[in-house]
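Structure record follows, encoded as structure tokens.
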Amino acid sequence: MSKWTTADLSDQTGRTFLVTGANSGLGAATVRALSAKGARVILACRDTAKAEQVARELPGETEVRELDLADLNSVRAFAESIERVDVLVNNAGVMALPLRRTADGFEMQFGTNHLGHFALTNLLLDRIADRVVTVSSNAHRIGRIDLTDPNWEQRRYDRWRAYGQSKLANLMFATELQRRLAGEGSSVLSVAAHPGYAATELMSHTESVQEVFMWLGNRMFAQSAAQGALPTLFAATADVEPGGFYGPDGLFGLWGYPAPCAMAAPAHDRAVAAELWELSEKLCGLL
């Protein structure tokens, strides 16, 4: 694959993209690139003031809407307000937080990164014309899905293992969604992407001494948010493999340009993915 950049991004005039967490970092870089190519973008964010600042800089048609993925009532209300989109980009996320709970009592990372996007996608699916892109992470490799205790109510909480679980859940959701869409004969695609090591605000909310080291890493080693957004943009607009996973092509997938990438072995477990889907339906009240 050639070194794909935003210069290769095709004209998106007439297409609508809904991007969660578009107020900063990878999400903001994603909507900037799409808007520059003529797309209409919906910035779905909890912090609408910051989203409005991003929207004012965009050249194309924009809309800012409030969405709190950590509150299923907010997800339902938001979904009811959307008429039609071509592409849904499940980008928003939190990382390595101290133990916290969502409005519905879920562990914050599992609840926000996975369950919020799971509910949003399923509630919108009949109004998505082209594809769903779910942003995972290399951290899915340290994740394990505990179907008996996904919300860390019985285990001793570990912020990084919880983050890994949520990112593995993102990836398993994306692949299971593609299997279900294909089984129904739908032309809608489900694709996953990850940004590699990109400098974003995601690393500045751990409320721990680790932020110092991550800040240094951002300054010294990380690629820019714009570069990190390339796999998402590729997955959202290019000719991709249904159920594919795209990330940077450089060393260990940390830096570089979009290319197909391998998933960790647990992500291929179809039985666990199906059970996770059923559990997520139950937790989100979608049954």
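Here's how to read the names in the structure tokens: chain A, B, ... by the order shown, residue numbers from 1 in each chain, ligand numbers from 1 in the order shown.
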Could you write out, as a list in words, all the residues of stretch 114-241 of chain A that DSSP marks as strand (DSSP E)?
Ile128, Ala129, Asp130, Arg131, Val132, Val133, Thr134, Val135, Leu189, Ser190, Val191, Ala192 and Ala193 of chain A
Can you tell me which residues surround A:Lys167 at a distance of at most 9 Å, considering only C-alpha atoms, apart from same-chain residues fewer than 4 positions away, and format the answer as a list of chain:residue names?
A:Gln109, A:Phe110, A:Asn113, A:His114, A:Val135, A:Ser136, A:Ser137, A:Asn138, A:Ala139, A:His140, A:Arg141, A:Gly143, A:Ala162, A:Tyr163, A:Leu171, A:Met172
With N, CA, C and O atoms kept, could you save the residues just selected as a PDB file, in the first residue's frame?
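File written: again37.pdb
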ATOM      1  N   GLN A 109     -14.477   3.317  31.674  1.00  0.00           N
ATOM      2  CA  GLN A 109     -13.830   3.054  30.385  1.00  0.00           C
ATOM      3  C   GLN A 109     -14.631   2.060  29.550  1.00  0.00           C
ATOM      4  O   GLN A 109     -14.838   2.273  28.354  1.00  0.00           O
ATOM      5  N   PHE A 110     -15.094   0.989  30.170  1.00  0.00           N
ATOM      6  CA  PHE A 110     -15.929   0.024  29.466  1.00  0.00           C
ATOM      7  C   PHE A 110     -17.247   0.681  29.055  1.00  0.00           C
ATOM      8  O   PHE A 110     -17.740   0.479  27.937  1.00  0.00           O
ATOM      9  N   ASN A 113     -16.158   3.847  26.329  1.00  0.00           N
ATOM     10  CA  ASN A 113     -15.487   3.428  25.098  1.00  0.00           C
ATOM     11  C   ASN A 113     -16.269   2.361  24.334  1.00  0.00           C
ATOM     12  O   ASN A 113     -16.348   2.417  23.101  1.00  0.00           O
ATOM     13  N   HIS A 114     -16.826   1.411  25.074  1.00  0.00           N
ATOM     14  CA  HIS A 114     -17.544   0.317  24.403  1.00  0.00           C
ATOM     15  C   HIS A 114     -19.058   0.470  24.456  1.00  0.00           C
ATOM     16  O   HIS A 114     -19.706   0.600  23.408  1.00  0.00           O
ATOM     17  N   VAL A 135     -12.909   3.141  16.499  1.00  0.00           N
ATOM     18  CA  VAL A 135     -11.500   3.377  16.791  1.00  0.00           C
ATOM     19  C   VAL A 135     -11.088   2.559  18.016  1.00  0.00           C
ATOM     20  O   VAL A 135     -11.602   2.761  19.115  1.00  0.00           O
ATOM     21  N   SER A 136     -10.169   1.641  17.808  1.00  0.00           N
ATOM     22  CA  SER A 136      -9.624   0.830  18.880  1.00  0.00           C
ATOM     23  C   SER A 136      -8.232   1.355  19.236  1.00  0.00           C
ATOM     24  O   SER A 136      -7.959   2.545  19.089  1.00  0.00           O
ATOM     25  N   SER A 137      -7.364   0.494  19.680  1.00  0.00           N
ATOM     26  CA  SER A 137      -6.024   0.907  20.110  1.00  0.00           C
ATOM     27  C   SER A 137      -5.113  -0.307  20.131  1.00  0.00           C
ATOM     28  O   SER A 137      -5.569  -1.456  20.269  1.00  0.00           O
ATOM     29  N   ASN A 138      -3.800  -0.061  20.040  1.00  0.00           N
ATOM     30  CA  ASN A 138      -2.842  -1.139  20.248  1.00  0.00           C
ATOM     31  C   ASN A 138      -2.994  -1.752  21.634  1.00  0.00           C
ATOM     32  O   ASN A 138      -2.604  -2.894  21.865  1.00  0.00           O
ATOM     33  N   ALA A 139      -3.575  -0.976  22.552  1.00  0.00           N
ATOM     34  CA  ALA A 139      -3.777  -1.470  23.917  1.00  0.00           C
ATOM     35  C   ALA A 139      -4.773  -2.621  23.974  1.00  0.00           C
ATOM     36  O   ALA A 139      -4.896  -3.275  25.022  1.00  0.00           O
ATOM     37  N   HIS A 140      -5.475  -2.900  22.869  1.00  0.00           N
ATOM     38  CA  HIS A 140      -6.364  -4.072  22.884  1.00  0.00           C
ATOM     39  C   HIS A 140      -5.561  -5.344  23.145  1.00  0.00           C
ATOM     40  O   HIS A 140      -6.110  -6.352  23.605  1.00  0.00           O
ATOM     41  N   ARG A 141      -4.252  -5.282  22.892  1.00  0.00           N
ATOM     42  CA  ARG A 141      -3.404  -6.461  23.073  1.00  0.00           C
ATOM     43  C   ARG A 141      -3.205  -6.825  24.537  1.00  0.00           C
ATOM     44  O   ARG A 141      -2.846  -7.968  24.849  1.00  0.00           O
ATOM     45  N   GLY A 143      -5.699  -6.432  26.665  1.00  0.00           N
ATOM     46  CA  GLY A 143      -7.054  -6.572  27.169  1.00  0.00           C
ATOM     47  C   GLY A 143      -7.530  -8.021  27.215  1.00  0.00           C
ATOM     48  O   GLY A 143      -7.094  -8.854  26.420  1.00  0.00           O
ATOM     49  N   ALA A 162      -8.267  -2.311  32.496  1.00  0.00           N
ATOM     50  CA  ALA A 162      -9.631  -1.885  32.156  1.00  0.00           C
ATOM     51  C   ALA A 162      -9.653  -1.175  30.810  1.00  0.00           C
ATOM     52  O   ALA A 162     -10.571  -1.368  30.004  1.00  0.00           O
ATOM     53  N   TYR A 163      -8.638  -0.348  30.563  1.00  0.00           N
ATOM     54  CA  TYR A 163      -8.556   0.320  29.262  1.00  0.00           C
ATOM     55  C   TYR A 163      -8.370  -0.712  28.150  1.00  0.00           C
ATOM     56  O   TYR A 163      -9.031  -0.648  27.106  1.00  0.00           O
ATOM     57  N   LEU A 171     -12.858  -3.570  19.332  1.00  0.00           N
ATOM     58  CA  LEU A 171     -12.444  -4.336  18.159  1.00  0.00           C
ATOM     59  C   LEU A 171     -13.360  -5.541  17.933  1.00  0.00           C
ATOM     60  O   LEU A 171     -13.758  -5.837  16.795  1.00  0.00           O
ATOM     61  N   MET A 172     -13.719  -6.214  19.013  1.00  0.00           N
ATOM     62  CA  MET A 172     -14.606  -7.363  18.880  1.00  0.00           C
ATOM     63  C   MET A 172     -16.006  -6.933  18.456  1.00  0.00           C
ATOM     64  O   MET A 172     -16.686  -7.638  17.702  1.00  0.00           O
TER      65      MET A 172
END
Could you go through stretch 85-286 of chain A and tell me which residues DSSP, when run on the backbone, assigns to alpha helix (DSSP H), listing them as a VMD selection string?
chain A and resid 108 to 109 117 to 124 159 to 183 210 to 220 225 to 228 230 to 237 270 to 284
Long-range neighbours of A:Asp149 as a PyMOL selection string, 12 Å cut-off, only C-alpha atoms, 6 positions minimum in chain:
chain A and resi 106-107+110+155-157+162+165+276+279
What's around A:Thr6 at 12 Å? Count only C-alpha atoms, leave out sequence neighbours fewer than 6 positions away in its own chain, and write the answer as a PDB file with N, CA, C and O atoms, in the first residue's frame.
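What ended up in out.pdb:
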ATOM      1  N   GLN A  12     -15.602  14.423  -0.736  1.00  0.00           N
ATOM      2  CA  GLN A  12     -16.675  13.904   0.113  1.00  0.00           C
ATOM      3  C   GLN A  12     -17.927  14.783   0.066  1.00  0.00           C
ATOM      4  O   GLN A  12     -18.811  14.666   0.924  1.00  0.00           O
ATOM      5  N   ALA A  29      -9.003  16.289  14.386  1.00  0.00           N
ATOM      6  CA  ALA A  29      -8.211  16.118  13.160  1.00  0.00           C
ATOM      7  C   ALA A  29      -9.025  15.419  12.085  1.00  0.00           C
ATOM      8  O   ALA A  29      -8.919  15.738  10.888  1.00  0.00           O
ATOM      9  N   THR A  30      -9.871  14.487  12.488  1.00  0.00           N
ATOM     10  CA  THR A  30     -10.705  13.754  11.534  1.00  0.00           C
ATOM     11  C   THR A  30     -11.708  14.672  10.865  1.00  0.00           C
ATOM     12  O   THR A  30     -11.852  14.670   9.630  1.00  0.00           O
ATOM     13  N   VAL A  31     -12.423  15.486  11.648  1.00  0.00           N
ATOM     14  CA  VAL A  31     -13.432  16.360  11.031  1.00  0.00           C
ATOM     15  C   VAL A  31     -12.784  17.468  10.207  1.00  0.00           C
ATOM     16  O   VAL A  31     -13.367  17.914   9.209  1.00  0.00           O
ATOM     17  N   ARG A  32     -11.593  17.905  10.591  1.00  0.00           N
ATOM     18  CA  ARG A  32     -10.908  18.935   9.787  1.00  0.00           C
ATOM     19  C   ARG A  32     -10.604  18.397   8.390  1.00  0.00           C
ATOM     20  O   ARG A  32     -10.824  19.081   7.385  1.00  0.00           O
ATOM     21  N   ALA A  33     -10.083  17.188   8.341  1.00  0.00           N
ATOM     22  CA  ALA A  33      -9.739  16.598   7.044  1.00  0.00           C
ATOM     23  C   ALA A  33     -10.983  16.339   6.207  1.00  0.00           C
ATOM     24  O   ALA A  33     -10.998  16.598   4.986  1.00  0.00           O
ATOM     25  N   LEU A  34     -12.043  15.850   6.814  1.00  0.00           N
ATOM     26  CA  LEU A  34     -13.274  15.557   6.078  1.00  0.00           C
ATOM     27  C   LEU A  34     -13.936  16.836   5.576  1.00  0.00           C
ATOM     28  O   LEU A  34     -14.401  16.905   4.434  1.00  0.00           O
ATOM     29  N   SER A  35     -13.990  17.843   6.435  1.00  0.00           N
ATOM     30  CA  SER A  35     -14.605  19.108   6.036  1.00  0.00           C
ATOM     31  C   SER A  35     -13.845  19.763   4.894  1.00  0.00           C
ATOM     32  O   SER A  35     -14.441  20.349   3.986  1.00  0.00           O
ATOM     33  N   ALA A  36     -12.516  19.648   4.919  1.00  0.00           N
ATOM     34  CA  ALA A  36     -11.694  20.218   3.849  1.00  0.00           C
ATOM     35  C   ALA A  36     -11.984  19.567   2.502  1.00  0.00           C
ATOM     36  O   ALA A  36     -11.728  20.168   1.446  1.00  0.00           O
ATOM     37  N   LYS A  37     -12.547  18.359   2.525  1.00  0.00           N
ATOM     38  CA  LYS A  37     -12.888  17.652   1.293  1.00  0.00           C
ATOM     39  C   LYS A  37     -14.372  17.746   0.962  1.00  0.00           C
ATOM     40  O   LYS A  37     -14.872  17.013   0.112  1.00  0.00           O
ATOM     41  N   ALA A 226      -2.972  14.711  13.694  1.00  0.00           N
ATOM     42  CA  ALA A 226      -3.344  14.655  12.275  1.00  0.00           C
ATOM     43  C   ALA A 226      -2.826  13.383  11.623  1.00  0.00           C
ATOM     44  O   ALA A 226      -3.520  12.741  10.822  1.00  0.00           O
ATOM     45  N   GLN A 227      -1.593  12.982  11.970  1.00  0.00           N
ATOM     46  CA  GLN A 227      -1.043  11.741  11.430  1.00  0.00           C
ATOM     47  C   GLN A 227      -1.767  10.538  12.034  1.00  0.00           C
ATOM     48  O   GLN A 227      -2.073   9.568  11.334  1.00  0.00           O
ATOM     49  N   GLY A 228      -2.057  10.617  13.324  1.00  0.00           N
ATOM     50  CA  GLY A 228      -2.754   9.520  13.976  1.00  0.00           C
ATOM     51  C   GLY A 228      -4.161   9.302  13.464  1.00  0.00           C
ATOM     52  O   GLY A 228      -4.703   8.195  13.558  1.00  0.00           O
ATOM     53  N   ALA A 229      -4.770  10.361  12.919  1.00  0.00           N
ATOM     54  CA  ALA A 229      -6.135  10.252  12.392  1.00  0.00           C
ATOM     55  C   ALA A 229      -6.188   9.600  11.018  1.00  0.00           C
ATOM     56  O   ALA A 229      -7.278   9.230  10.557  1.00  0.00           O
ATOM     57  N   LEU A 230      -5.050   9.428  10.360  1.00  0.00           N
ATOM     58  CA  LEU A 230      -5.058   8.894   8.994  1.00  0.00           C
ATOM     59  C   LEU A 230      -5.695   7.498   8.895  1.00  0.00           C
ATOM     60  O   LEU A 230      -6.481   7.256   7.964  1.00  0.00           O
ATOM     61  N   PRO A 231      -5.394   6.562   9.796  1.00  0.00           N
ATOM     62  CA  PRO A 231      -6.066   5.260   9.679  1.00  0.00           C
ATOM     63  C   PRO A 231      -7.583   5.357   9.793  1.00  0.00           C
ATOM     64  O   PRO A 231      -8.311   4.634   9.088  1.00  0.00           O
ATOM     65  N   THR A 232      -8.085   6.243  10.660  1.00  0.00           N
ATOM     66  CA  THR A 232      -9.527   6.445  10.770  1.00  0.00           C
ATOM     67  C   THR A 232     -10.092   6.996   9.476  1.00  0.00           C
ATOM     68  O   THR A 232     -11.141   6.531   8.988  1.00  0.00           O
ATOM     69  N   LEU A 233      -9.417   7.986   8.905  1.00  0.00           N
ATOM     70  CA  LEU A 233      -9.874   8.592   7.658  1.00  0.00           C
ATOM     71  C   LEU A 233      -9.847   7.575   6.517  1.00  0.00           C
ATOM     72  O   LEU A 233     -10.760   7.539   5.685  1.00  0.00           O
ATOM     73  N   PHE A 234      -8.811   6.763   6.489  1.00  0.00           N
ATOM     74  CA  PHE A 234      -8.732   5.720   5.464  1.00  0.00           C
ATOM     75  C   PHE A 234      -9.891   4.737   5.627  1.00  0.00           C
ATOM     76  O   PHE A 234     -10.584   4.400   4.666  1.00  0.00           O
ATOM     77  N   THR A 237     -13.270   6.234   4.422  1.00  0.00           N
ATOM     78  CA  THR A 237     -13.503   6.739   3.069  1.00  0.00           C
ATOM     79  C   THR A 237     -12.949   5.871   1.951  1.00  0.00           C
ATOM     80  O   THR A 237     -13.389   5.992   0.812  1.00  0.00           O
ATOM     81  N   ALA A 238     -11.973   5.026   2.242  1.00  0.00           N
ATOM     82  CA  ALA A 238     -11.287   4.282   1.182  1.00  0.00           C
ATOM     83  C   ALA A 238     -11.984   2.951   0.906  1.00  0.00           C
ATOM     84  O   ALA A 238     -12.935   2.560   1.570  1.00  0.00           O
ATOM     85  N   TYR A 257       1.799   5.287   8.194  1.00  0.00           N
ATOM     86  CA  TYR A 257       0.673   5.548   7.301  1.00  0.00           C
ATOM     87  C   TYR A 257      -0.293   4.363   7.307  1.00  0.00           C
ATOM     88  O   TYR A 257       0.088   3.239   7.630  1.00  0.00           O
ATOM     89  N   PRO A 258      -1.546   4.598   6.945  1.00  0.00           N
ATOM     90  CA  PRO A 258      -2.562   3.537   7.067  1.00  0.00           C
ATOM     91  C   PRO A 258      -2.220   2.271   6.285  1.00  0.00           C
ATOM     92  O   PRO A 258      -1.806   2.328   5.126  1.00  0.00           O
TER      93      PRO A 258
END
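Residues with any atom within 12 Å of A:Val240, counting only C-alpha atoms and excluding same-chain neighbours fewer than 2 positions away, are Met1, Asp130, Arg131, Val132, Val133, Leu189, Ser190, Val191, Ala192, Ala193, Pro231, Thr232, Leu233, Phe234, Ala235, Ala236, Thr237, Ala238, Pro242, Gly243, Gly244, Phe245, Tyr246, Pro258, Ala259 and Pro260 of chain A.
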Could you check how far atom CA of A:Thr48 sits from atom CA of A:Ile128, in Å to one decimal?
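Pair atom CA of A:Thr48 / atom CA of A:Ile128 returns 23.1 Å.
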Could you list, as a PyMOL selection string, every residue within 9 Å of A:Ala55, counting only C-alpha atoms and ignoring same-chain residues fewer than 6 positions away?
chain A and resi 23+28+31-32+41+43+61-64
Mind dumping the selected residues with N, CA and C atoms as a short mmCIF file (atom, residue, chain, number, x, y, z; two decimals), in the first residue's frame?
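Now in selection_25.cif:
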data_model
loop_
_atom_site.label_atom_id
_atom_site.label_comp_id
_atom_site.auth_asym_id
_atom_site.auth_seq_id
_atom_site.Cartn_x
_atom_site.Cartn_y
_atom_site.Cartn_z
N ASN A 23 -14.21 17.18 19.48
CA ASN A 23 -13.85 18.49 20.03
C ASN A 23 -12.34 18.65 20.22
N ALA A 28 -10.98 15.84 16.30
CA ALA A 28 -10.89 17.15 15.66
C ALA A 28 -10.10 17.06 14.36
N VAL A 31 -12.42 15.49 11.65
CA VAL A 31 -13.43 16.36 11.03
C VAL A 31 -12.78 17.47 10.21
N ARG A 32 -11.59 17.91 10.59
CA ARG A 32 -10.91 18.94 9.79
C ARG A 32 -10.60 18.40 8.39
N VAL A 41 -20.18 17.56 8.44
CA VAL A 41 -19.75 16.83 9.63
C VAL A 41 -20.61 17.19 10.83
N LEU A 43 -20.42 17.02 14.80
CA LEU A 43 -19.49 16.85 15.92
C LEU A 43 -20.33 16.46 17.14
N GLU A 61 -20.02 22.53 5.86
CA GLU A 61 -21.22 22.54 6.69
C GLU A 61 -20.98 21.71 7.94
N THR A 62 -21.28 22.29 9.09
CA THR A 62 -21.03 21.61 10.35
C THR A 62 -22.24 21.70 11.26
N GLU A 63 -22.28 20.79 12.20
CA GLU A 63 -23.32 20.81 13.22
C GLU A 63 -22.74 20.23 14.50
N VAL A 64 -22.94 20.91 15.60
CA VAL A 64 -22.47 20.44 16.90
C VAL A 64 -23.69 19.96 17.69
#
For atom CA of A:Leu125 and atom CA of A:Cys284, quote the distance in Å rounded to one decimal.
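Atom-to-atom, atom CA of A:Leu125 to atom CA of A:Cys284, that is 15.2 Å.
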Return the single residue from A:Ala225, A:Val89, A:Ala70, A:Ser10 that is closest to A:Ile42, with distances computed using only C-alpha atoms.
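Smallest distance to A:Ile42 is found for A:Val89.
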From the set A:Ser187, A:Thr16, A:Asn151, A:Ser24, which residue has the shortest atom-to-atom contact distance to A:Ala49, counting only C-alpha atoms?
A:Ser24
